[in-house]
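Chemist: Shown below is the structure under consideration.
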Amino acid sequence: MNDNDIVLRVEDIHKSFGGIEVLRGVSFDVRRGETKVFIGPSGTGKSTLLRCINQLTPPDRGRVWLDGEEVTNSGARINHFRQKIGMVFQNFFLFDHLTAVKNVELALLKVRGMSKAEAREKALTELRQVGMEDWAEHYPAELSGGQAQRVSIARALAMDPDVILFDEPTSALDPELTREVLEVMKKLAKNGMTMLVVTHEMGFACSVANEVLFMENGVVAEQGSPDLLLNDPRFTRMKDFIGRIDSRMSD
Amino acid sequence: MDILPILIDWSPYILSGVASTLGLVLTALGLGILLGLPMALGQVYGAWPVRAVVGVYVWFFRGLPILVLLFLFWFGIFPAIGLGHLSAFVVGAVVLGLRGAAYQSQIFRGAIQSVGEGQMIAARSLGMSKFTAIQSVILPQAMRIALPGWSNEYPNILTDSAVCYAIGVVELLTITSRIVTQTHMTMPVYLVAAGIFIILNYGGLKFLHGLEKRVAIPGFGTGAT
């Protein structure tokens, strides 16, 4: 593989909140079509890291490139980059005053400048992708959490992003709804979407991730294929963490 | 003497008084939105000098009795800035509007601030500018949240408008008082005026409640999810 395959380059990201350094130098490259999964204890900066990538939280130090162009310190051009970096949030953040289809349409109309007919067609196509076309005319309050999250994935997809950031997309959902969202994400991964996923779903990480990054205390402590991190005896910290979760669950 | 023939004789004047009162109220409400909404946006999103100016404005216009404000502008401020030729009606409407803007700005500010912060984050994550996000996401929600509280401004300004009598605006109360002077029928005529105010109030609120229902969104703002 050569450098042309690299969609996203993250270099030495540092971020502090109120004197506490949440991220202490995180670097990685993301290749086109790759799914990277970030796991680790709460408060280790995983969500902050995603927000540093699209500058919703500007990092204190470090740089981010998308397709070879620098995203950090890009001034007003940040809105251009954000169109290409989709984001899916734990609490969906659908626009509460708009129907599902209008949620997907809005940025197409206001940012991409599409005509109403074009935007509608594109929005319905994306809703079909996530199995929500029958719910197009429903408002967010009328949707289950899983449905709302699928609409928010369609909203991100509609911008034809180079990469989508998933910030704990299933943490607010019960197991049944989690499954329907993960199904959609698996399908996206299979279709070649580039994805960064912060999650606690180990099953998803093992079956979909090309690489798992285990984060602890603001740095990537271990990184490698799921198989490697789980089975190679040289890697212990992620296994310890998973063991702690498992024993807590079986209590 | 019976009240009915008097009412019929004076009805053109009474109607002109009603028109004048409604003119005051609608102008003041319109001016209130026109100034109050940008002031609210300035207070939420503006830099500190903007917030400070709005803060002083609100403090001034909410801090003085309406009659004091009217006299201040009618006898003092407007003549001093070369606007002494303005009619009492215009001055009355503008002062009611300026004062309304102070109150309305706080209604809008509260509504804007009660829109969940995730709405702005999601809009920005899609590449919207802050301006577009405010225009297309924050304000459509905030205006719906504000509407029930804003509806209060209608009866407030309607009842306050009678104070414009004091600077000589020929509105409903002025007309009523003239009829009283001419006919010496105090109670019946004032009761008629009160009845008209109540009807105007009822009609306007009915309209605003209808508007609330029309713009309502399932599960949004009502708490009835």
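For the structure tokens, the naming scheme is as follows: chains receive sequential letters (A, B, ...) according to their order of presentation, residues are indexed from 1 within each chain, and ligands are indexed from 1 in presentation order.
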Going by DSSP on the backbone, which bits of range 23-222 of chain A are strand (DSSP E or B)? Write them as a PyMOL selection string, please.
Modeler: chain A and resi 23-31+35-39+61-66+69-70+85-88+163-167+195-198+211-216+219-222
Chemist: I want to know what sits within 10 Å of range 35-45 of chain B, based on only C-alpha atoms, with residues of the same chain fewer than 2 positions away left out; could you give that as a VMD selection string?
Modeler: chain B and resid 29 to 33 47 to 55 57 to 58 97 to 113 130 134 139 143
Chemist: Dump as a list in words the residues of chain B that approach chain A to within 6 Å, counting only C-alpha atoms.
Modeler: Gly118, Gln119, Ser125, Leu126, Gly127 and Gly219 of chain B
Chemist: Using C-alpha atoms, can you export the residues from the last selection as a JSON list (two decimals), in the first residue's frame?
Modeler:
```json
[["chain", "number", "residue", "atom", "x", "y", "z"],
["B", 118, "GLY", "CA", -26.46, 18.81, 20.33],
["B", 119, "GLN", "CA", -28.51, 20.55, 17.64],
["B", 125, "SER", "CA", -20.61, 18.48, 11.98],
["B", 126, "LEU", "CA", -22.39, 18.47, 8.61],
["B", 127, "GLY", "CA", -20.43, 21.50, 7.44],
["B", 219, "GLY", "CA", -43.38, 15.41, 20.31]]
```
Chemist: Contacts of Lys36 in chain A at 12 Å or less, counting only C-alpha atoms, minus same-chain residues fewer than 5 places along, as number ranges by chain?
Modeler: A: 8, 28-31, 50, 163-166, 189, 193-199, 204-214, 223-226
Chemist: Could you list, as a PyMOL selection string, every residue within 9 Å of Ser161 in chain B, counting only C-alpha atoms and ignoring same-chain residues fewer than 5 positions away?
Modeler: chain B and resi 21-22+24-25+92-93+96+156+171
Chemist: If you run DSSP on this backbone, which residues of range 74-245 of chain A come out as alpha helix (DSSP H), and could you give them as a PyMOL selection string?
Modeler: chain A and resi 78-84+100-110+116-129+145-157+175-190+202-208+226-231+237-245
Chemist: Write out as a list in words which residues come within 10 Å of Ile198 in chain B when counting only C-alpha atoms, dropping same-chain ones fewer than 6 positions away.
Modeler: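 These residues fall inside the cut-off: Pro155, Leu158, Thr159, Val192 and Gly204 of chain B.
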Chemist: Write a file of the selected residues as a tab-separated table (two decimals), in the first residue's frame, keeping N, CA and C atoms.
Modeler:
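Result file part04.tsv:
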```tsv
chain	number	residue	atom	x	y	z
B	155	PRO	N	-51.55	40.58	25.08
B	155	PRO	CA	-52.36	41.27	26.10
B	155	PRO	C	-51.57	42.33	26.86
B	158	LEU	N	-51.43	45.33	24.54
B	158	LEU	CA	-52.79	45.83	24.32
B	158	LEU	C	-53.25	46.67	25.52
B	159	THR	N	-53.03	46.14	26.71
B	159	THR	CA	-53.49	46.89	27.89
B	159	THR	C	-52.60	48.11	28.14
B	192	VAL	N	-68.36	49.70	28.17
B	192	VAL	CA	-68.28	49.35	26.75
B	192	VAL	C	-66.81	49.27	26.33
B	204	GLY	N	-57.31	38.07	19.84
B	204	GLY	CA	-55.88	37.96	19.56
B	204	GLY	C	-55.29	36.68	20.13
```
Chemist: Using 10 Å as the limit and counting only C-alpha atoms, can you tabulate each residue of range 129-179 of chain B that touches range 71-80 of chain B, with its shortest atom-to-atom distance in Å and the two atoms involved, as CSV?
Modeler:
```
residue,atom,partner,partner_atom,distance
B:Cys164,CA,B:Phe71,CA,9.7
B:Ala166,CA,B:Phe71,CA,8.4
B:Ile167,CA,B:Trp74,CA,7.3
```
Chemist: For CA of His14 in chain A and CA of Gly68 in chain A, quote the distance in Å rounded to one decimal.
Modeler: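 Distance reported for this atom pair: 20.5 Å.
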Chemist: Please identify all polymer residues within 12 Å of Ser16 in chain B, counting only C-alpha atoms, omitting same-chain residues fewer than 6 positions from it, and present them as a list in words.
Modeler: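 Result of the neighbour search: Trp10, Leu22, Gly23, Val169, Val170, Glu171, Leu172, Leu173, Thr174, Ile175 and Thr176 of chain B.
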Chemist: Now that the selection is made, can you save its residues with all heavy atoms as a PDB file, in the first residue's frame?
Modeler:
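Written file, again-v4.pdb:
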```
ATOM      1  N   TRP B  10     -71.997  57.318  18.125  1.00  0.00           N
ATOM      2  CA  TRP B  10     -70.538  57.461  18.241  1.00  0.00           C
ATOM      3  C   TRP B  10     -69.762  56.326  17.569  1.00  0.00           C
ATOM      4  O   TRP B  10     -68.532  56.320  17.610  1.00  0.00           O
ATOM      5  CB  TRP B  10     -70.136  57.540  19.721  1.00  0.00           C
ATOM      6  CG  TRP B  10     -70.500  58.857  20.349  1.00  0.00           C
ATOM      7  CD1 TRP B  10     -71.703  59.211  20.877  1.00  0.00           C
ATOM      8  CD2 TRP B  10     -69.636  59.991  20.508  1.00  0.00           C
ATOM      9  NE1 TRP B  10     -71.672  60.500  21.362  1.00  0.00           N
ATOM     10  CE2 TRP B  10     -70.392  61.002  21.154  1.00  0.00           C
ATOM     11  CE3 TRP B  10     -68.299  60.253  20.181  1.00  0.00           C
ATOM     12  CZ2 TRP B  10     -69.859  62.248  21.454  1.00  0.00           C
ATOM     13  CZ3 TRP B  10     -67.774  61.485  20.497  1.00  0.00           C
ATOM     14  CH2 TRP B  10     -68.563  62.486  21.128  1.00  0.00           C
ATOM     15  N   LEU B  22     -55.428  49.001  17.804  1.00  0.00           N
ATOM     16  CA  LEU B  22     -54.831  47.842  17.145  1.00  0.00           C
ATOM     17  C   LEU B  22     -53.570  48.237  16.380  1.00  0.00           C
ATOM     18  O   LEU B  22     -52.591  47.493  16.335  1.00  0.00           O
ATOM     19  CB  LEU B  22     -55.835  47.187  16.194  1.00  0.00           C
ATOM     20  CG  LEU B  22     -56.877  46.283  16.863  1.00  0.00           C
ATOM     21  CD1 LEU B  22     -57.841  45.717  15.827  1.00  0.00           C
ATOM     22  CD2 LEU B  22     -56.180  45.146  17.625  1.00  0.00           C
ATOM     23  N   GLY B  23     -53.607  49.438  15.789  1.00  0.00           N
ATOM     24  CA  GLY B  23     -52.418  49.937  15.087  1.00  0.00           C
ATOM     25  C   GLY B  23     -51.230  50.059  16.018  1.00  0.00           C
ATOM     26  O   GLY B  23     -50.117  49.636  15.698  1.00  0.00           O
ATOM     27  N   VAL B 169     -52.585  60.377  22.065  1.00  0.00           N
ATOM     28  CA  VAL B 169     -52.915  59.486  20.947  1.00  0.00           C
ATOM     29  C   VAL B 169     -54.417  59.232  20.986  1.00  0.00           C
ATOM     30  O   VAL B 169     -54.969  58.939  22.046  1.00  0.00           O
ATOM     31  CB  VAL B 169     -52.162  58.135  21.066  1.00  0.00           C
ATOM     32  CG1 VAL B 169     -52.507  57.240  19.880  1.00  0.00           C
ATOM     33  CG2 VAL B 169     -50.661  58.361  21.154  1.00  0.00           C
ATOM     34  N   VAL B 170     -55.060  59.380  19.847  1.00  0.00           N
ATOM     35  CA  VAL B 170     -56.513  59.200  19.825  1.00  0.00           C
ATOM     36  C   VAL B 170     -56.833  57.722  19.671  1.00  0.00           C
ATOM     37  O   VAL B 170     -57.178  57.248  18.598  1.00  0.00           O
ATOM     38  CB  VAL B 170     -57.156  60.026  18.687  1.00  0.00           C
ATOM     39  CG1 VAL B 170     -58.677  59.995  18.811  1.00  0.00           C
ATOM     40  CG2 VAL B 170     -56.672  61.466  18.746  1.00  0.00           C
ATOM     41  N   GLU B 171     -56.655  56.978  20.769  1.00  0.00           N
ATOM     42  CA  GLU B 171     -56.947  55.543  20.732  1.00  0.00           C
ATOM     43  C   GLU B 171     -58.248  55.293  21.488  1.00  0.00           C
ATOM     44  O   GLU B 171     -58.986  56.231  21.806  1.00  0.00           O
ATOM     45  CB  GLU B 171     -55.750  54.727  21.236  1.00  0.00           C
ATOM     46  CG  GLU B 171     -55.071  55.201  22.506  1.00  0.00           C
ATOM     47  CD  GLU B 171     -55.957  55.007  23.705  1.00  0.00           C
ATOM     48  OE1 GLU B 171     -56.205  53.849  24.083  1.00  0.00           O
ATOM     49  OE2 GLU B 171     -56.413  56.033  24.265  1.00  0.00           O
ATOM     50  N   LEU B 172     -58.509  54.030  21.757  1.00  0.00           N
ATOM     51  CA  LEU B 172     -59.814  53.648  22.299  1.00  0.00           C
ATOM     52  C   LEU B 172     -60.178  54.375  23.596  1.00  0.00           C
ATOM     53  O   LEU B 172     -61.300  54.867  23.758  1.00  0.00           O
ATOM     54  CB  LEU B 172     -59.838  52.121  22.503  1.00  0.00           C
ATOM     55  CG  LEU B 172     -61.167  51.499  22.900  1.00  0.00           C
ATOM     56  CD1 LEU B 172     -62.280  51.884  21.919  1.00  0.00           C
ATOM     57  CD2 LEU B 172     -61.033  49.982  22.981  1.00  0.00           C
ATOM     58  N   LEU B 173     -59.215  54.450  24.509  1.00  0.00           N
ATOM     59  CA  LEU B 173     -59.516  55.091  25.792  1.00  0.00           C
ATOM     60  C   LEU B 173     -59.770  56.599  25.623  1.00  0.00           C
ATOM     61  O   LEU B 173     -60.645  57.176  26.280  1.00  0.00           O
ATOM     62  CB  LEU B 173     -58.358  54.858  26.783  1.00  0.00           C
ATOM     63  CG  LEU B 173     -58.575  55.424  28.187  1.00  0.00           C
ATOM     64  CD1 LEU B 173     -59.774  54.761  28.860  1.00  0.00           C
ATOM     65  CD2 LEU B 173     -57.323  55.259  29.043  1.00  0.00           C
ATOM     66  N   THR B 174     -59.024  57.247  24.724  1.00  0.00           N
ATOM     67  CA  THR B 174     -59.212  58.675  24.457  1.00  0.00           C
ATOM     68  C   THR B 174     -60.620  58.931  23.930  1.00  0.00           C
ATOM     69  O   THR B 174     -61.325  59.831  24.394  1.00  0.00           O
ATOM     70  CB  THR B 174     -58.180  59.157  23.409  1.00  0.00           C
ATOM     71  OG1 THR B 174     -56.904  58.624  23.746  1.00  0.00           O
ATOM     72  CG2 THR B 174     -58.130  60.664  23.349  1.00  0.00           C
ATOM     73  N   ILE B 175     -61.028  58.129  22.962  1.00  0.00           N
ATOM     74  CA  ILE B 175     -62.366  58.247  22.389  1.00  0.00           C
ATOM     75  C   ILE B 175     -63.414  58.054  23.488  1.00  0.00           C
ATOM     76  O   ILE B 175     -64.364  58.841  23.627  1.00  0.00           O
ATOM     77  CB  ILE B 175     -62.583  57.181  21.294  1.00  0.00           C
ATOM     78  CG1 ILE B 175     -61.584  57.363  20.145  1.00  0.00           C
ATOM     79  CG2 ILE B 175     -64.035  57.206  20.793  1.00  0.00           C
ATOM     80  CD1 ILE B 175     -61.930  58.432  19.162  1.00  0.00           C
ATOM     81  N   THR B 176     -63.199  57.015  24.287  1.00  0.00           N
ATOM     82  CA  THR B 176     -64.143  56.704  25.363  1.00  0.00           C
ATOM     83  C   THR B 176     -64.296  57.902  26.297  1.00  0.00           C
ATOM     84  O   THR B 176     -65.415  58.307  26.634  1.00  0.00           O
ATOM     85  CB  THR B 176     -63.625  55.500  26.178  1.00  0.00           C
ATOM     86  OG1 THR B 176     -63.229  54.479  25.283  1.00  0.00           O
ATOM     87  CG2 THR B 176     -64.698  54.965  27.099  1.00  0.00           C
TER      88      THR B 176
END
```
